[in-house]
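As structure tokens, the structure follows; a few thoughts come after it.
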Amino acid sequence: TAHHGDDSDETILLKLLRGSHLSNLRGIEARSEKFDLTTDLSSSTGVGYFAKPMLQLRKNDITKFLESNALEWREDESNATNKYKRNKVRNELIPLMRELAGGEQALQKRFNSIEQQSRAISKDLKARAVSYLASMPSQSEFWLPGNEIDIVCEEAFHMWASEVTDRQLQLSYDQINRIKFQVESYPGRLKWIIDVGGLWREQRNGSG
């Protein structure tokens, strides 16, 4: 796909506005996760990926190249309006941040720093969460070590919920915090149910 570096920066800011976890404050991935290419119309099998080879380019670089080579392109008219949150981030927030940061290069260094730190946190956290999951007595139920949930337990629970629902349930940080609050604030309540939206519910079924 034709996503470029500006799109990736917008993604970081949108994640920040949504309250994403620190381990997920990064932009668009250069390659998607693999997906099954098998269809009802074909007997062939295999996996595919969506690649985004233009992430290292800025939109200005692309438009300058097109103009210098007298090439025409189509611009989505909706990009100029602030009807959508992404457009408002692009048209208002990022220009203001460039001004406050001291220019485009200075702001880009800050985006790169945030992304690098986020990836490092994510890599370390996921490795410890995988170990946590491997140590659980059963993979069909999530095991709580006690009445306190640390950051590794949070990540492990997020991964476990995604895996057991075949990626249909992707718990947000706010949803995990609700569950954490319930566990830590009411340690004597060993049986409860929390609605996490989308017809999904998390249930604690402790026995003491």
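By convention in this document, the chains of the structure tokens carry letters A, B, ... by their order, each chain's residues are numbered from 1, and ligands are numbered from 1 in the order they are shown.
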Skipping near chain neighbours, those fewer than 3 positions away, what residues fall within 9 Å of Ala51 of chain A using only C-alpha atoms, listed as a tab-separated table (two decimals) with N, CA and C atoms, in the first residue's frame?
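Just written: selection17.tsv:
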```tsv
chain	number	residue	atom	x	y	z
A	1	THR	N	0.84	-1.19	0.00
A	1	THR	CA	0.00	0.00	0.00
A	1	THR	C	0.88	1.25	0.00
A	2	ALA	N	0.28	2.40	-0.28
A	2	ALA	CA	1.07	3.63	-0.49
A	2	ALA	C	1.17	4.50	0.76
A	29	GLU	N	3.26	-0.48	10.61
A	29	GLU	CA	4.27	-1.50	10.38
A	29	GLU	C	4.58	-1.61	8.88
A	30	ALA	N	5.83	-1.87	8.55
A	30	ALA	CA	6.24	-1.97	7.15
A	30	ALA	C	5.64	-3.20	6.48
A	31	ARG	N	5.34	-4.23	7.29
A	31	ARG	CA	4.73	-5.44	6.75
A	31	ARG	C	3.66	-5.93	7.71
A	32	SER	N	2.52	-6.30	7.17
A	32	SER	CA	1.43	-6.77	8.01
A	32	SER	C	1.71	-8.19	8.51
```
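Every protein, DNA or RNA residue with an atom at most 12 Å from Glu75 of chain A, where only C-alpha atoms count and chain neighbours fewer than 4 positions away do not, is listed here: Lys59, Thr63, Asn79 and Ala80 of chain A.
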Go ahead and dump the residues you just picked, all heavy atoms, as a PDB file, in the first residue's frame.
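Full text of selection-v2.pdb as output:
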```pdb
ATOM      1  N   LYS A  59       5.400  12.876   2.674  1.00  0.00           N
ATOM      2  CA  LYS A  59       4.464  13.238   1.610  1.00  0.00           C
ATOM      3  C   LYS A  59       5.067  14.314   0.708  1.00  0.00           C
ATOM      4  O   LYS A  59       4.895  14.275  -0.525  1.00  0.00           O
ATOM      5  CB  LYS A  59       3.146  13.739   2.209  1.00  0.00           C
ATOM      6  CG  LYS A  59       2.116  14.074   1.140  1.00  0.00           C
ATOM      7  CD  LYS A  59       0.793  14.519   1.738  1.00  0.00           C
ATOM      8  CE  LYS A  59      -0.199  14.844   0.629  1.00  0.00           C
ATOM      9  NZ  LYS A  59      -1.516  15.261   1.150  1.00  0.00           N
ATOM     10  N   THR A  63       5.332  14.274  -3.435  1.00  0.00           N
ATOM     11  CA  THR A  63       4.736  15.279  -4.318  1.00  0.00           C
ATOM     12  C   THR A  63       5.810  16.028  -5.123  1.00  0.00           C
ATOM     13  O   THR A  63       5.590  16.348  -6.297  1.00  0.00           O
ATOM     14  CB  THR A  63       3.901  16.287  -3.499  1.00  0.00           C
ATOM     15  OG1 THR A  63       4.710  16.856  -2.463  1.00  0.00           O
ATOM     16  CG2 THR A  63       2.693  15.606  -2.880  1.00  0.00           C
ATOM     17  N   ASN A  79      -9.362  14.900   2.375  1.00  0.00           N
ATOM     18  CA  ASN A  79      -8.148  15.144   3.162  1.00  0.00           C
ATOM     19  C   ASN A  79      -8.038  16.598   3.616  1.00  0.00           C
ATOM     20  O   ASN A  79      -7.382  16.892   4.625  1.00  0.00           O
ATOM     21  CB  ASN A  79      -6.897  14.783   2.348  1.00  0.00           C
ATOM     22  CG  ASN A  79      -6.717  13.281   2.201  1.00  0.00           C
ATOM     23  OD1 ASN A  79      -7.322  12.506   2.935  1.00  0.00           O
ATOM     24  ND2 ASN A  79      -5.906  12.870   1.244  1.00  0.00           N
ATOM     25  N   ALA A  80      -8.667  17.498   2.882  1.00  0.00           N
ATOM     26  CA  ALA A  80      -8.548  18.933   3.197  1.00  0.00           C
ATOM     27  C   ALA A  80      -9.524  19.374   4.286  1.00  0.00           C
ATOM     28  O   ALA A  80      -9.408  20.483   4.813  1.00  0.00           O
ATOM     29  CB  ALA A  80      -8.769  19.767   1.933  1.00  0.00           C
TER      30      ALA A  80
END
```
Which of A:Trp73, A:Trp200, A:Phe65, A:Phe142 sits closest to Leu169 of chain A [using only C-alpha atoms]: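 Residue with the minimum atom-to-atom distance to Leu169 of chain A: A:Trp200.
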Exercise: Met54 of chain A partners within 8 Å, only C-alpha atoms, chain neighbours under 6 positions left out, as a PyMOL selection string: chain A and resi 2-5
With C-alpha atoms retained, write the just-selected residues as an mmCIF file, in the first residue's frame.
```cif
data_model
loop_
_atom_site.group_PDB
_atom_site.id
_atom_site.type_symbol
_atom_site.label_atom_id
_atom_site.label_comp_id
_atom_site.auth_asym_id
_atom_site.auth_seq_id
_atom_site.Cartn_x
_atom_site.Cartn_y
_atom_site.Cartn_z
ATOM 1 C CA ALA A 2 1.066 3.633 -0.486
ATOM 2 C CA HIS A 3 1.197 4.739 3.159
ATOM 3 C CA HIS A 4 4.074 7.159 3.809
ATOM 4 C CA GLY A 5 5.921 8.531 6.820
#
```
Atom-to-atom span, atom CA of Asn147 of chain A and atom CA of Pro187 of chain A, Å: 5.7 Å
All alpha helix (DSSP H) residues (DSSP, backbone) inside segment 117-208 of chain A, as an MDAnalysis selection string: chainID A and resid 117:134 151:164 173:185
